[in-house]
Every structure is written in C-alpha cells, then in structure tokens.
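Contents: one structure, followed by commentary.
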Amino acid sequence: MSSVFLDGEFVSRDDARVSAFDAGLQHGVGLFETMLGVRDGAGVRGILVREHVERLAFSARELGLSTTLKVEALVEAVRRTLERAVDDSRGDSGGSSDGVSAWRVRLTITGGDLNLLERGEGVGREHQPTVLIAATPATVYPEAMFERGVSVVLADWRVNPLDAMAGHKTLSYWSRLRELQRAAASGAGEALVFQVTNHLSGGCVSNVFCVRDGVLLTPIARGEEGFGDGARQAGGSGAVLPSPVLPGITREWVIQQAETMGMTLERRMLSIDDVLSSDEVFLTNSSWGVLPVVGVERERIGGGVVGEVTRGLVGGWRGFVRGGHEGG
C-alpha cells in the first residue's frame, strides 16, 4: 500500500523508476525529507510540511543542487500524495482506510539524469532534478517506548564540522544506518553520534535534548553557530566552527514549546559528561515526535524513569499532531 508521485505525475509502485544514470544513484547527490501525515474525519493532513520543504529548498540552494525548487508546488504535491494514499488504501481495504491513521511521507530530490563532471560546459544552466514523493503507512511504535523510555548506545562513527554536507539531510545515510543496526542488535533504540571534537551531534536519525536543573540543553545546529558562549568551539581561540547538527523540524517545535512554557533553553556544545549528568534526555524526529531516553549504554538517566519535562513534551507533541498543522 503506497502512493508515489514522480516528476509531476502519479505512478504505481512498480512503475516508480528513475534513470540508471540519475545522480542520486550514481553519486548519492540528493536531499530528502521525511514527514508525518495523519488522518481524521476531514481527511489526511501533513504535519509541518512547509517547514520540511523550506529546509530542503534551502539545502538545495546552499549545496548547489537546485535554485529553482518551488516550495508551494512541493507542499501541494505532498498534500496530493497524502490524499492519494488515503484513496488507494480505501480501494485496497474494500472502501475503508480505518486501519491506517498515520502516514510516512518521503520527499526525495536528486541531481537528476546528468553527468556532474560535464556541467561545467553549461555554467548557469539549471538542470532538471528528479522529484519523488512516496506515502506509506507510518511505523507504529510500541507505547512502552514512550511510557518507559529507551536506552541508547554510543556510535563509533564521528561527524566532521568541516564537512560541507553535514547539517543537511543528504542521501548519504549509510554511516547512520550502520550505527542504527548496531544499536538495534544490542536492544537500544538509537545511537548517539559525536563530532570529531567529541561534542554531541545528535542521534543517527534524531536530535537530542538534555534537561538539567530545569534548563533545556541542546547542541548548536547549523545556522545557530553564533548562539551563546557555547558557540566558541576551537579550544578558546575564539574561532567558531560550523555545526554539523541538522536543525530538526520537531526540534524547533520543542524549542518553541520551551519558550511558551517559560523554560530556559541553552544551545551549547555538549560532552558525554553533560549527557550522563542530565536529569532527563530525549530525542526528537518527525516519526516518533518526542522519545524519552532512560539509559546510555550501562548508565541510567534520571534513575531510569521518564522525567516530568519529557513526559509533558510527549503529550504536547501528540496534542499538536491531533490538532493538525500543515505548516505555514
């Protein structure tokens, strides 16, 4: 059960094919966004779709993939793909889509069918990227994950703040998926990834927050390098390194919630000691929303129980999703 939008038209899953010479396949040139769609009596709604699409369009310009992506058109294409997914599911289930209440929407933009080494011949020429949107039933996470929390492990892989691709959601996810495999094999829900400077970056597929003494802490993300004293990263030299941390969409929702709640928020360079000494730790992404962490390797966080701040944000995110927001 899936709905696929490919380069301007809907196609069946079996017909959703790209060229063997597509730059996404040949060179890993591309960006993607994963969004949540929810169904209610009025139909299906995308959650923070515009914010996701705007982030992708910014990265496309920043990395030289495309300068002509139209945000409004992509938002509309996501909406239509979600609606098509509901219609298709009714057809597959005899006229009812009651079995599916949430959808995972993947928007992928690749470099298209071109040879990157030949693009110098047409300086200023805008090529046509491949646009692929697929909507499938979302993963249903066990309620115990949110009630009791999960444990995480420490990834061996390190990210480099001098990597121009870091902090953007590119197609290069092999390193992250490899670490997720290792985490799953040990019974953990995620793996924490650190920078080559040994500062926390985030999870393989999530952003990280810590709570200590009522203060909310999160690593500095791309575009936030000027925030606070914690932005000075080069051993006291005063230099500011670029951040390899993705500015997550759900992360931004949590930051806005913290402001509404009157909580103090600090964007900082965080060490493993900062994580282990926290009262609470939680992860955010668009698939699970807010996910409590109660253990790091063999160390317990907050006595091994979900903290009050995290529990409140788990409920707040669920209420936000039920209330609906297309982004705008």
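Identifiers in this document derive from the order of the structure tokens: chains are assigned A, B, ..., residues are numbered from 1 separately in each chain, and ligands are numbered from 1 in order of occurrence.
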
Alpha helix (DSSP H) call set, DSSP backbone run, range 102-258 of chain A, as number ranges by chain: A: 143-148, 174-185, 249-258

DSSP strand (DSSP E) residues within range 133-248 of chain A, listed as a ChimeraX atom specification: /A:133-137,150-159,190-195,200-203,207-212,215-219

Mind running range 230-310 of chain A against range 156-171 of chain A at 8 Å and telling me each contacting residue's nearest atom pair with the distance in Å (one decimal), counting only C-alpha atoms, chain and number ascending, as a Markdown table?
```
| residue | atom | partner | partner_atom | distance |
| --- | --- | --- | --- | --- |
| A:Leu241 | CA | A:Pro161 | CA | 6.6 |
| A:Pro242 | CA | A:Pro161 | CA | 5.6 |
| A:Ser243 | CA | A:Pro161 | CA | 5.4 |
| A:Pro244 | CA | A:Gly167 | CA | 4.3 |
| A:Val245 | CA | A:Gly167 | CA | 4.6 |
| A:Leu246 | CA | A:Gly167 | CA | 4.1 |
| A:Pro247 | CA | A:Gly167 | CA | 7.1 |
```

If you keep C-alpha atoms, can you produce a file of those selected residues as an mmCIF file, in the first residue's frame?
```cif
data_model
loop_
_atom_site.group_PDB
_atom_site.id
_atom_site.type_symbol
_atom_site.label_atom_id
_atom_site.label_comp_id
_atom_site.auth_asym_id
_atom_site.auth_seq_id
_atom_site.Cartn_x
_atom_site.Cartn_y
_atom_site.Cartn_z
ATOM 1 C CA LEU A 241 33.360 26.157 13.662
ATOM 2 C CA PRO A 242 30.342 25.402 11.500
ATOM 3 C CA SER A 243 27.919 22.989 13.127
ATOM 4 C CA PRO A 244 27.258 19.549 11.603
ATOM 5 C CA VAL A 245 23.963 19.272 13.512
ATOM 6 C CA LEU A 246 20.745 19.183 11.461
ATOM 7 C CA PRO A 247 18.263 21.901 12.513
#
```

Residue contacts of Arg311 in chain A (10 Å, only C-alpha atoms) excluding same-chain residues fewer than 2 positions away, as a PyMOL selection string: chain A and resi 146-147+149+282+290-292+306-309+313-316

What does the file look like for those residues with N, CA and C atoms, as an mmCIF file, in the first residue's frame?
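Saved to again-v7.cif:
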```cif
data_model
loop_
_atom_site.group_PDB
_atom_site.id
_atom_site.type_symbol
_atom_site.label_atom_id
_atom_site.label_comp_id
_atom_site.auth_asym_id
_atom_site.auth_seq_id
_atom_site.Cartn_x
_atom_site.Cartn_y
_atom_site.Cartn_z
ATOM 1 N N PHE A 146 7.416 5.124 24.935
ATOM 2 C CA PHE A 146 7.144 6.469 25.425
ATOM 3 C C PHE A 146 6.820 6.488 26.916
ATOM 4 N N GLU A 147 6.281 5.389 27.390
ATOM 5 C CA GLU A 147 5.948 5.294 28.815
ATOM 6 C C GLU A 147 7.187 4.993 29.661
ATOM 7 N N GLY A 149 10.493 4.719 28.195
ATOM 8 C CA GLY A 149 11.729 5.233 27.617
ATOM 9 C C GLY A 149 12.553 4.146 26.958
ATOM 10 N N PHE A 282 16.001 13.322 25.949
ATOM 11 C CA PHE A 282 15.018 12.831 24.993
ATOM 12 C C PHE A 282 15.463 13.140 23.572
ATOM 13 N N VAL A 290 8.575 12.984 20.216
ATOM 14 C CA VAL A 290 9.470 13.121 21.372
ATOM 15 C C VAL A 290 9.621 11.740 22.008
ATOM 16 N N LEU A 291 10.864 11.258 22.104
ATOM 17 C CA LEU A 291 11.127 9.906 22.610
ATOM 18 C C LEU A 291 12.041 9.979 23.836
ATOM 19 N N PRO A 292 11.563 9.520 25.004
ATOM 20 C CA PRO A 292 12.386 9.583 26.223
ATOM 21 C C PRO A 292 13.556 8.607 26.177
ATOM 22 N N VAL A 306 11.147 7.993 33.079
ATOM 23 C CA VAL A 306 10.867 9.155 32.231
ATOM 24 C C VAL A 306 10.581 10.370 33.106
ATOM 25 N N GLY A 307 11.240 11.487 32.818
ATOM 26 C CA GLY A 307 11.093 12.686 33.626
ATOM 27 C C GLY A 307 9.851 13.496 33.299
ATOM 28 N N GLU A 308 9.556 14.432 34.171
ATOM 29 C CA GLU A 308 8.333 15.232 34.044
ATOM 30 C C GLU A 308 8.340 16.109 32.806
ATOM 31 N N VAL A 309 9.470 16.751 32.515
ATOM 32 C CA VAL A 309 9.530 17.629 31.340
ATOM 33 C C VAL A 309 9.321 16.823 30.066
ATOM 34 N N LEU A 313 6.270 16.927 27.201
ATOM 35 C CA LEU A 313 6.508 17.198 25.784
ATOM 36 C C LEU A 313 5.995 16.072 24.900
ATOM 37 N N VAL A 314 6.063 14.831 25.393
ATOM 38 C CA VAL A 314 5.477 13.706 24.653
ATOM 39 C C VAL A 314 3.987 13.956 24.456
ATOM 40 N N GLY A 315 3.302 14.329 25.535
ATOM 41 C CA GLY A 315 1.875 14.615 25.444
ATOM 42 C C GLY A 315 1.580 15.841 24.611
ATOM 43 N N GLY A 316 2.439 16.863 24.731
ATOM 44 C CA GLY A 316 2.251 18.083 23.957
ATOM 45 C C GLY A 316 2.364 17.840 22.469
#
```

Proximity of range 123-161 of chain A to range 180-194 of chain A: per-residue shortest pair, 6 Å limit, only C-alpha atoms, as JSON lines:
```
{"residue": "A:Val150", "atom": "CA", "partner": "A:Gly189", "partner_atom": "CA", "distance": 5.7}
{"residue": "A:Ser151", "atom": "CA", "partner": "A:Ala188", "partner_atom": "CA", "distance": 5.1}
{"residue": "A:Val152", "atom": "CA", "partner": "A:Glu190", "partner_atom": "CA", "distance": 4.9}
{"residue": "A:Val153", "atom": "CA", "partner": "A:Ala191", "partner_atom": "CA", "distance": 4.7}
{"residue": "A:Leu154", "atom": "CA", "partner": "A:Leu192", "partner_atom": "CA", "distance": 4.9}
{"residue": "A:Ala155", "atom": "CA", "partner": "A:Val193", "partner_atom": "CA", "distance": 5.3}
{"residue": "A:Arg158", "atom": "CA", "partner": "A:Phe194", "partner_atom": "CA", "distance": 5.4}
```

Next, write the just-selected residues to a file, as a PDB file, in the first residue's frame, keeping all heavy atoms as the atom set.
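The file below, selection-v3.pdb, is the result:
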```pdb
ATOM      1  N   VAL A 150      13.626   4.573  26.293  1.00  0.00           N
ATOM      2  CA  VAL A 150      14.522   3.648  25.608  1.00  0.00           C
ATOM      3  C   VAL A 150      15.956   3.878  26.080  1.00  0.00           C
ATOM      4  O   VAL A 150      16.267   4.912  26.675  1.00  0.00           O
ATOM      5  CB  VAL A 150      14.462   3.826  24.071  1.00  0.00           C
ATOM      6  CG1 VAL A 150      13.045   3.598  23.549  1.00  0.00           C
ATOM      7  CG2 VAL A 150      14.967   5.213  23.657  1.00  0.00           C
ATOM      8  N   SER A 151      16.800   2.919  25.785  1.00  0.00           N
ATOM      9  CA  SER A 151      18.233   3.102  26.012  1.00  0.00           C
ATOM     10  C   SER A 151      18.896   3.435  24.682  1.00  0.00           C
ATOM     11  O   SER A 151      18.361   3.129  23.613  1.00  0.00           O
ATOM     12  CB  SER A 151      18.854   1.829  26.603  1.00  0.00           C
ATOM     13  OG  SER A 151      18.743   0.760  25.680  1.00  0.00           O
ATOM     14  N   VAL A 152      20.045   4.057  24.750  1.00  0.00           N
ATOM     15  CA  VAL A 152      20.814   4.372  23.552  1.00  0.00           C
ATOM     16  C   VAL A 152      22.247   3.903  23.750  1.00  0.00           C
ATOM     17  O   VAL A 152      22.709   3.716  24.881  1.00  0.00           O
ATOM     18  CB  VAL A 152      20.795   5.885  23.233  1.00  0.00           C
ATOM     19  CG1 VAL A 152      19.376   6.361  22.950  1.00  0.00           C
ATOM     20  CG2 VAL A 152      21.415   6.703  24.360  1.00  0.00           C
ATOM     21  N   VAL A 153      22.950   3.726  22.649  1.00  0.00           N
ATOM     22  CA  VAL A 153      24.372   3.385  22.702  1.00  0.00           C
ATOM     23  C   VAL A 153      25.168   4.527  22.097  1.00  0.00           C
ATOM     24  O   VAL A 153      24.601   5.470  21.541  1.00  0.00           O
ATOM     25  CB  VAL A 153      24.655   2.069  21.947  1.00  0.00           C
ATOM     26  CG1 VAL A 153      23.963   0.893  22.623  1.00  0.00           C
ATOM     27  CG2 VAL A 153      24.225   2.180  20.486  1.00  0.00           C
ATOM     28  N   LEU A 154      26.473   4.457  22.201  1.00  0.00           N
ATOM     29  CA  LEU A 154      27.358   5.469  21.627  1.00  0.00           C
ATOM     30  C   LEU A 154      27.899   4.955  20.296  1.00  0.00           C
ATOM     31  O   LEU A 154      28.449   3.851  20.222  1.00  0.00           O
ATOM     32  CB  LEU A 154      28.516   5.786  22.579  1.00  0.00           C
ATOM     33  CG  LEU A 154      28.123   6.255  23.976  1.00  0.00           C
ATOM     34  CD1 LEU A 154      29.371   6.576  24.792  1.00  0.00           C
ATOM     35  CD2 LEU A 154      27.203   7.465  23.914  1.00  0.00           C
ATOM     36  N   ALA A 155      27.723   5.742  19.257  1.00  0.00           N
ATOM     37  CA  ALA A 155      28.180   5.351  17.926  1.00  0.00           C
ATOM     38  C   ALA A 155      29.696   5.455  17.827  1.00  0.00           C
ATOM     39  O   ALA A 155      30.324   6.328  18.441  1.00  0.00           O
ATOM     40  CB  ALA A 155      27.523   6.234  16.869  1.00  0.00           C
ATOM     41  N   ARG A 158      32.031   9.237  13.772  1.00  0.00           N
ATOM     42  CA  ARG A 158      32.118  10.639  14.181  1.00  0.00           C
ATOM     43  C   ARG A 158      31.821  11.539  12.987  1.00  0.00           C
ATOM     44  O   ARG A 158      32.176  11.229  11.854  1.00  0.00           O
ATOM     45  CB  ARG A 158      33.510  10.976  14.726  1.00  0.00           C
ATOM     46  CG  ARG A 158      33.869  10.253  16.022  1.00  0.00           C
ATOM     47  CD  ARG A 158      33.065  10.808  17.191  1.00  0.00           C
ATOM     48  NE  ARG A 158      33.459  10.253  18.468  1.00  0.00           N
ATOM     49  CZ  ARG A 158      32.924   9.178  19.016  1.00  0.00           C
ATOM     50  NH1 ARG A 158      31.973   8.519  18.370  1.00  0.00           N
ATOM     51  NH2 ARG A 158      33.335   8.740  20.188  1.00  0.00           N
TER      52      ARG A 158
END
```

Within 12 Å of Gly323 in chain A using only C-alpha atoms, minus same-chain residues under 2 positions, as JSON, numbers by chain: {"A": [38, 39, 40, 45, 46, 47, 48, 316, 317, 318, 319, 320, 321, 325, 326]}

Atoms kept (N, CA and C atoms) for selection, written as a short mmCIF file (atom, residue, chain, number, x, y, z; two decimals), in the first residue's frame:
```cif
data_model
loop_
_atom_site.label_atom_id
_atom_site.label_comp_id
_atom_site.auth_asym_id
_atom_site.auth_seq_id
_atom_site.Cartn_x
_atom_site.Cartn_y
_atom_site.Cartn_z
N VAL A 38 -1.39 12.57 9.08
CA VAL A 38 -2.36 11.93 9.98
C VAL A 38 -3.76 12.07 9.37
N ARG A 39 -4.58 11.06 9.63
CA ARG A 39 -5.93 11.02 9.08
C ARG A 39 -6.94 11.30 10.18
N ASP A 40 -7.94 12.12 9.85
CA ASP A 40 -9.05 12.34 10.76
C ASP A 40 -10.34 12.36 9.93
N ARG A 45 -3.92 15.04 6.84
CA ARG A 45 -3.18 16.30 6.96
C ARG A 45 -1.69 16.02 7.12
N GLY A 46 -0.87 16.86 6.51
CA GLY A 46 0.57 16.78 6.70
C GLY A 46 0.97 17.64 7.89
N ILE A 47 1.94 17.16 8.67
CA ILE A 47 2.40 17.88 9.86
C ILE A 47 3.68 18.63 9.55
N LEU A 48 3.62 19.96 9.66
CA LEU A 48 4.78 20.83 9.45
C LEU A 48 5.42 20.61 8.07
N GLY A 316 2.44 16.86 24.73
CA GLY A 316 2.25 18.08 23.96
C GLY A 316 2.36 17.84 22.47
N TRP A 317 3.34 17.02 22.06
CA TRP A 317 3.51 16.72 20.64
C TRP A 317 2.29 15.96 20.11
N ARG A 318 1.80 15.01 20.90
CA ARG A 318 0.63 14.25 20.45
C ARG A 318 -0.58 15.16 20.30
N GLY A 319 -0.74 16.08 21.22
CA GLY A 319 -1.84 17.02 21.11
C GLY A 319 -1.70 17.92 19.89
N PHE A 320 -0.47 18.33 19.61
CA PHE A 320 -0.19 19.17 18.45
C PHE A 320 -0.53 18.43 17.16
N VAL A 321 -0.12 17.17 17.07
CA VAL A 321 -0.40 16.37 15.87
C VAL A 321 -1.89 16.18 15.70
N HIS A 325 -1.55 20.63 11.69
CA HIS A 325 -0.81 21.80 11.23
C HIS A 325 -0.17 21.45 9.91
N GLU A 326 -0.48 22.19 8.88
CA GLU A 326 0.11 21.95 7.57
C GLU A 326 1.46 22.65 7.43
#
```

Coordinates-based distance that separates CA of Thr34 in chain A from CA of Lys70 in chain A (Å, one decimal):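 Pair CA of Lys70 in chain A / CA of Thr34 in chain A returns 17.9 Å.
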
Long-range neighbours of Asn198 in chain A as a PyMOL selection string, 8 Å cut-off, only C-alpha atoms, 3 positions minimum in chain: chain A and resi 194-195+271-272

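Using only C-alpha atoms, the protein and nucleic acid residues lying no more than 7 Å from range 74-81 of chain A, apart from those fewer than 3 places from it along its own chain, are A:Ser3, A:Val4, A:Phe5, A:Gly46, A:Val49, A:Arg50, A:Val53, A:Lys70, A:Val71, A:Arg84, A:Ala85, A:Ile133, A:Ala135.
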
Residues within 8 Å of Ser287 in chain A, only C-alpha atoms, excluding chain neighbours under 6 positions, as JSON, numbers by chain: {"A": [34, 35, 36, 104, 138, 139]}

Grab the residues selected above and save them as an mmCIF file, in the first residue's frame with N, CA, C and O atoms.
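The new file again.cif reads:
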```cif
data_model
loop_
_atom_site.group_PDB
_atom_site.id
_atom_site.type_symbol
_atom_site.label_atom_id
_atom_site.label_comp_id
_atom_site.auth_asym_id
_atom_site.auth_seq_id
_atom_site.Cartn_x
_atom_site.Cartn_y
_atom_site.Cartn_z
ATOM 1 N N THR A 34 11.551 13.469 5.557
ATOM 2 C CA THR A 34 10.557 12.501 5.996
ATOM 3 C C THR A 34 9.533 13.230 6.847
ATOM 4 O O THR A 34 9.892 13.876 7.829
ATOM 5 N N MET A 35 8.274 13.141 6.452
ATOM 6 C CA MET A 35 7.206 13.883 7.116
ATOM 7 C C MET A 35 6.118 12.939 7.602
ATOM 8 O O MET A 35 6.035 11.792 7.174
ATOM 9 N N LEU A 36 5.280 13.445 8.471
ATOM 10 C CA LEU A 36 4.174 12.676 9.027
ATOM 11 C C LEU A 36 2.855 13.203 8.484
ATOM 12 O O LEU A 36 2.635 14.413 8.428
ATOM 13 N N ARG A 104 3.710 7.888 6.561
ATOM 14 C CA ARG A 104 5.089 8.349 6.421
ATOM 15 C C ARG A 104 5.252 8.863 4.999
ATOM 16 O O ARG A 104 5.005 8.147 4.031
ATOM 17 N N ALA A 138 2.659 4.695 8.259
ATOM 18 C CA ALA A 138 3.741 5.015 9.195
ATOM 19 C C ALA A 138 3.999 3.855 10.141
ATOM 20 O O ALA A 138 3.104 3.052 10.434
ATOM 21 N N THR A 139 5.225 3.786 10.631
ATOM 22 C CA THR A 139 5.578 2.804 11.647
ATOM 23 C C THR A 139 4.790 3.087 12.923
ATOM 24 O O THR A 139 4.692 4.241 13.360
#
```

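Counting only C-alpha atoms and comparing A:Leu177, A:Met263, A:Val240, A:Leu82, the residue that lies closest to Pro137 in chain A is A:Leu82.
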
Interatomic distance, CA of Leu65 in chain A to CA of Val18 in chain A (Å, one decimal):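 These atoms are spaced 17.3 Å apart.
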